[in-house]
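Step one of this worksheet: look at the structure below.
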Amino acid sequence: MSSKPVVTAIVIFFNAGETFFRAAIESILAQTYDNWELLLVDDGSTDISTEIAREYVHRYPGKLRYLEHEGHQNRGISATRNLGIEHASGEYIAFLDADDLWLPEKLARQVAILESHPEVAMVYNSTWMWYGWTGDPEDIKLDRGRALGIQPDCVVSPPTILTLCLEGKAESPGICGATLRREAIQAVGGCEDSFRGMFDDQVLFAKICARSPVFVASGHWDRYRQHASSCCHVAKAHGTYDTFKPNVSHQNYLSWLEQYLSVQGMQNTNVWQALQTSLARYRHPVRYQLLKISRYWQRIYLKLARIGSSGFKPPHLI
């Protein structure tokens, strides 16, 4: 291994427990690509997590490092990721949450792509939504990859990915499914410390996808564990987040994005139209619902028109 690692893996954690946390760390140790360092960044844990992190650092000196905020403070996800970014040595940065996994080929695959495409700021794959970790056959049936919304294994120009996500035609990148250039993260100012909950990762991805080309890969090289104590499920239980319904976390993200793109001087009309349509569900809910109904019937009309043009006639018209 060279004196300076090519990849910095960052695992932030807060009261991560033992089983999931150890599995996350072991999945990094099992990578077929070896030129990496691992930063275990503590967000003020009060359980056994701190002890586990220090244990691994002791076992792998020089390969793993432990970081924490001054005074062992709890400062939130974004501030804790920024602490890791600040101390990263690698040319590339890859994040893994403390309850998720990487498959052994994750870094090898994504580093090869980044080195083959020096113009891209990030590579990401279709993150695997992992319900089946329980072993229950009913949970296994729920496993799926996130919808990319675009033909994979290609470079995508900005701000196409951001537009597709706002339009609901693509699911957002998963934090554990991406590897980014450190200089690209630094160029956009890293994560936003003000985001202490949901959409903190999407803020970073929005910054990157708004200005830089990204490579969208077809593989499934990570496992995003779905469980009742995850951030998403806890937020849903508190009513602050929902995948399919309007919620305050989504509204806060969209409002931030509107201000950010305005300050950045974004001129792309497609991304602005998609953003304003997304914001309309919060600012003009009645108008938004009427627009949805109108578009629904428009799709029905176009489908019937295509059937008619093919020569097919419904039975009652024969």
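Naming scheme: A, B, ... for chains in displayed order of the structure tokens; residues 1 onward per chain; ligands 1 onward as shown.
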
Excluding same-chain residues fewer than 5 positions from Ser3 in chain A, what lies within 12 Å of it counting only C-alpha atoms, as a PyMOL selection string? chain A and resi 35-37+62-63+89-90

Could those residues be written to a file, using all heavy atoms, as a short mmCIF file (atom, residue, chain, number, x, y, z; two decimals), in the first residue's frame?
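The result, written out as result.cif:
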```
data_model
loop_
_atom_site.label_atom_id
_atom_site.label_comp_id
_atom_site.auth_asym_id
_atom_site.auth_seq_id
_atom_site.Cartn_x
_atom_site.Cartn_y
_atom_site.Cartn_z
N ASN A 35 -6.41 -0.21 -1.35
CA ASN A 35 -5.73 1.07 -1.12
C ASN A 35 -6.69 2.11 -0.54
O ASN A 35 -7.03 3.10 -1.18
CB ASN A 35 -5.10 1.58 -2.41
CG ASN A 35 -4.00 2.59 -2.14
OD1 ASN A 35 -3.82 3.05 -1.03
ND2 ASN A 35 -3.26 2.93 -3.18
N TRP A 36 -7.11 1.87 0.68
CA TRP A 36 -8.07 2.75 1.34
C TRP A 36 -7.68 2.97 2.80
O TRP A 36 -6.91 2.21 3.38
CB TRP A 36 -9.49 2.17 1.27
CG TRP A 36 -9.62 0.75 1.74
CD1 TRP A 36 -9.64 -0.37 0.97
CD2 TRP A 36 -9.72 0.29 3.11
NE1 TRP A 36 -9.76 -1.51 1.75
CE2 TRP A 36 -9.82 -1.13 3.07
CE3 TRP A 36 -9.75 0.92 4.35
CZ2 TRP A 36 -9.93 -1.91 4.22
CZ3 TRP A 36 -9.86 0.14 5.51
CH2 TRP A 36 -9.96 -1.25 5.43
N GLU A 37 -8.26 4.03 3.36
CA GLU A 37 -8.24 4.26 4.80
C GLU A 37 -9.68 4.36 5.26
O GLU A 37 -10.58 4.69 4.48
CB GLU A 37 -7.49 5.55 5.15
CG GLU A 37 -8.20 6.81 4.63
CD GLU A 37 -7.57 8.11 5.12
OE1 GLU A 37 -6.72 8.06 6.02
OE2 GLU A 37 -7.96 9.17 4.60
N GLY A 62 -3.00 2.65 11.56
CA GLY A 62 -2.53 3.13 10.27
C GLY A 62 -3.53 2.96 9.15
O GLY A 62 -3.47 3.66 8.14
N LYS A 63 -4.46 2.03 9.32
CA LYS A 63 -5.48 1.78 8.31
C LYS A 63 -6.81 2.45 8.71
O LYS A 63 -7.55 2.95 7.87
CB LYS A 63 -5.69 0.27 8.17
CG LYS A 63 -6.52 -0.16 6.98
CD LYS A 63 -5.74 -0.07 5.68
CE LYS A 63 -6.46 -0.79 4.55
NZ LYS A 63 -5.83 -0.55 3.25
N SER A 89 -7.68 11.76 3.55
CA SER A 89 -6.42 11.81 2.80
C SER A 89 -6.59 11.36 1.36
O SER A 89 -5.78 11.70 0.50
CB SER A 89 -5.36 10.92 3.48
OG SER A 89 -5.14 11.31 4.81
N GLY A 90 -7.62 10.58 1.09
CA GLY A 90 -7.79 9.96 -0.21
C GLY A 90 -8.23 10.91 -1.30
O GLY A 90 -8.86 11.94 -1.04
#
```

Rows by chain and residue number, range 195-234 of chain A within 12 Å of range 254-276 of chain A, shortest pair, only C-alpha atoms, as a Markdown table:
```
| residue | atom | partner | partner_atom | distance |
| --- | --- | --- | --- | --- |
| A:Phe195 | CA | A:Trp256 | CA | 9.9 |
| A:Met198 | CA | A:Leu254 | CA | 11.9 |
| A:Phe199 | CA | A:Leu254 | CA | 9.7 |
| A:Asp200 | CA | A:Trp256 | CA | 11.0 |
| A:Gln202 | CA | A:Leu257 | CA | 10.0 |
| A:Val203 | CA | A:Leu257 | CA | 7.7 |
| A:Leu204 | CA | A:Leu257 | CA | 10.6 |
| A:Phe205 | CA | A:Leu257 | CA | 11.2 |
| A:Ala206 | CA | A:Leu257 | CA | 7.8 |
| A:Lys207 | CA | A:Tyr260 | CA | 8.5 |
| A:Ile208 | CA | A:Leu261 | CA | 11.8 |
| A:Cys209 | CA | A:Val271 | CA | 11.1 |
| A:Ala210 | CA | A:Met266 | CA | 8.2 |
| A:Arg211 | CA | A:Met266 | CA | 9.0 |
```

With a cut-off of 12 Å, could you pull out the residues of range 143-254 of chain A touching range 104-124 of chain A and give me the nearest pair of atoms for each, distance in Å to one decimal, using only C-alpha atoms, ordered by chain and ascending number, as a tab-separated table?
```
residue	atom	partner	partner_atom	distance
A:Arg146	CA	A:Tyr124	CA	11.2
A:Leu148	CA	A:Tyr124	CA	9.7
A:Pro152	CA	A:Tyr124	CA	10.0
A:Asp153	CA	A:Ile113	CA	9.5
A:Cys154	CA	A:Val123	CA	9.9
A:Val155	CA	A:Val120	CA	7.4
A:Val156	CA	A:Val120	CA	8.7
A:Ser157	CA	A:Val120	CA	9.0
A:Pro158	CA	A:Val120	CA	10.3
A:Ile161	CA	A:Tyr124	CA	11.3
A:Glu171	CA	A:Tyr124	CA	11.9
A:Ser172	CA	A:Tyr124	CA	10.1
A:Pro173	CA	A:Tyr124	CA	6.6
A:Gly174	CA	A:Tyr124	CA	7.9
A:Ile175	CA	A:Tyr124	CA	8.8
A:Cys176	CA	A:Tyr124	CA	8.8
A:Gly177	CA	A:Tyr124	CA	5.4
A:Ala178	CA	A:Tyr124	CA	4.1
A:Thr179	CA	A:Val123	CA	5.6
A:Leu180	CA	A:Met122	CA	4.3
A:Arg181	CA	A:Ala121	CA	5.5
A:Arg182	CA	A:Ala121	CA	8.6
A:Glu183	CA	A:Ala121	CA	8.4
A:Ala184	CA	A:Ala121	CA	5.7
A:Ile185	CA	A:Ala121	CA	8.3
A:Gln186	CA	A:Ala121	CA	11.0
A:Ala187	CA	A:Ala121	CA	10.3
A:Val188	CA	A:Ala121	CA	11.0
A:Leu204	CA	A:Met122	CA	11.2
A:Phe205	CA	A:Met122	CA	9.1
A:Ala206	CA	A:Met122	CA	11.7
A:Lys207	CA	A:Ala121	CA	10.9
A:Ile208	CA	A:Ala121	CA	7.2
A:Cys209	CA	A:Ala121	CA	8.5
A:Ala210	CA	A:Ala121	CA	11.0
A:Arg211	CA	A:Ala121	CA	9.3
A:Ser212	CA	A:Ala121	CA	6.0
A:Pro213	CA	A:Val120	CA	4.9
A:Val214	CA	A:Val120	CA	4.9
A:Phe215	CA	A:Val123	CA	4.6
A:Val216	CA	A:Tyr124	CA	5.5
A:Ala217	CA	A:Tyr124	CA	6.0
A:Ser218	CA	A:Tyr124	CA	8.7
A:Gly219	CA	A:Arg109	CA	8.9
A:His220	CA	A:Lys106	CA	8.5
A:Trp221	CA	A:Lys106	CA	5.0
A:Asp222	CA	A:Lys106	CA	7.0
A:Arg223	CA	A:Lys106	CA	10.6
```

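Here CA of Gln73 in chain A is placed at a distance of 20.1 Å from CA of Ala88 in chain A.
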
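Of all the residues in range 127-296 of chain A, the ones DSSP labels as strand (DSSP E) from the backbone are Trp128, Met129, Trp130, Arg144, Gly145, Cys154, Val155, Val156, Ala178, Thr179, Leu180, Arg181, Val214, Phe215, Val216, Asp222, Arg223, Tyr224 and Arg225 of chain A.
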
For Asp193 in chain A, please output as a ChimeraX atom specification all residues within 9 Å (counting only C-alpha atoms; exclusion window: fewer than 6 positions along the same chain). /A:75-80,82,200

All residues 7 Å or closer to range 52-57 of chain A, only C-alpha atoms, same chain fewer than 5 positions away omitted, as a ChimeraX atom specification: /A:40,64-66

Kindly save the residues from that selection, with N, CA and C atoms included, as an mmCIF file, in the first residue's frame.
```
data_model
loop_
_atom_site.group_PDB
_atom_site.id
_atom_site.type_symbol
_atom_site.label_atom_id
_atom_site.label_comp_id
_atom_site.auth_asym_id
_atom_site.auth_seq_id
_atom_site.Cartn_x
_atom_site.Cartn_y
_atom_site.Cartn_z
ATOM 1 N N LEU A 40 -13.625 6.358 11.215
ATOM 2 C CA LEU A 40 -14.809 6.108 12.027
ATOM 3 C C LEU A 40 -15.087 7.385 12.809
ATOM 4 N N LEU A 64 -7.104 2.439 9.994
ATOM 5 C CA LEU A 64 -8.326 3.017 10.545
ATOM 6 C C LEU A 64 -7.977 4.160 11.487
ATOM 7 N N ARG A 65 -8.830 5.170 11.490
ATOM 8 C CA ARG A 65 -8.684 6.283 12.423
ATOM 9 C C ARG A 65 -10.026 6.595 13.085
ATOM 10 N N TYR A 66 -9.962 7.063 14.310
ATOM 11 C CA TYR A 66 -11.160 7.453 15.059
ATOM 12 C C TYR A 66 -11.193 8.976 15.170
#
```
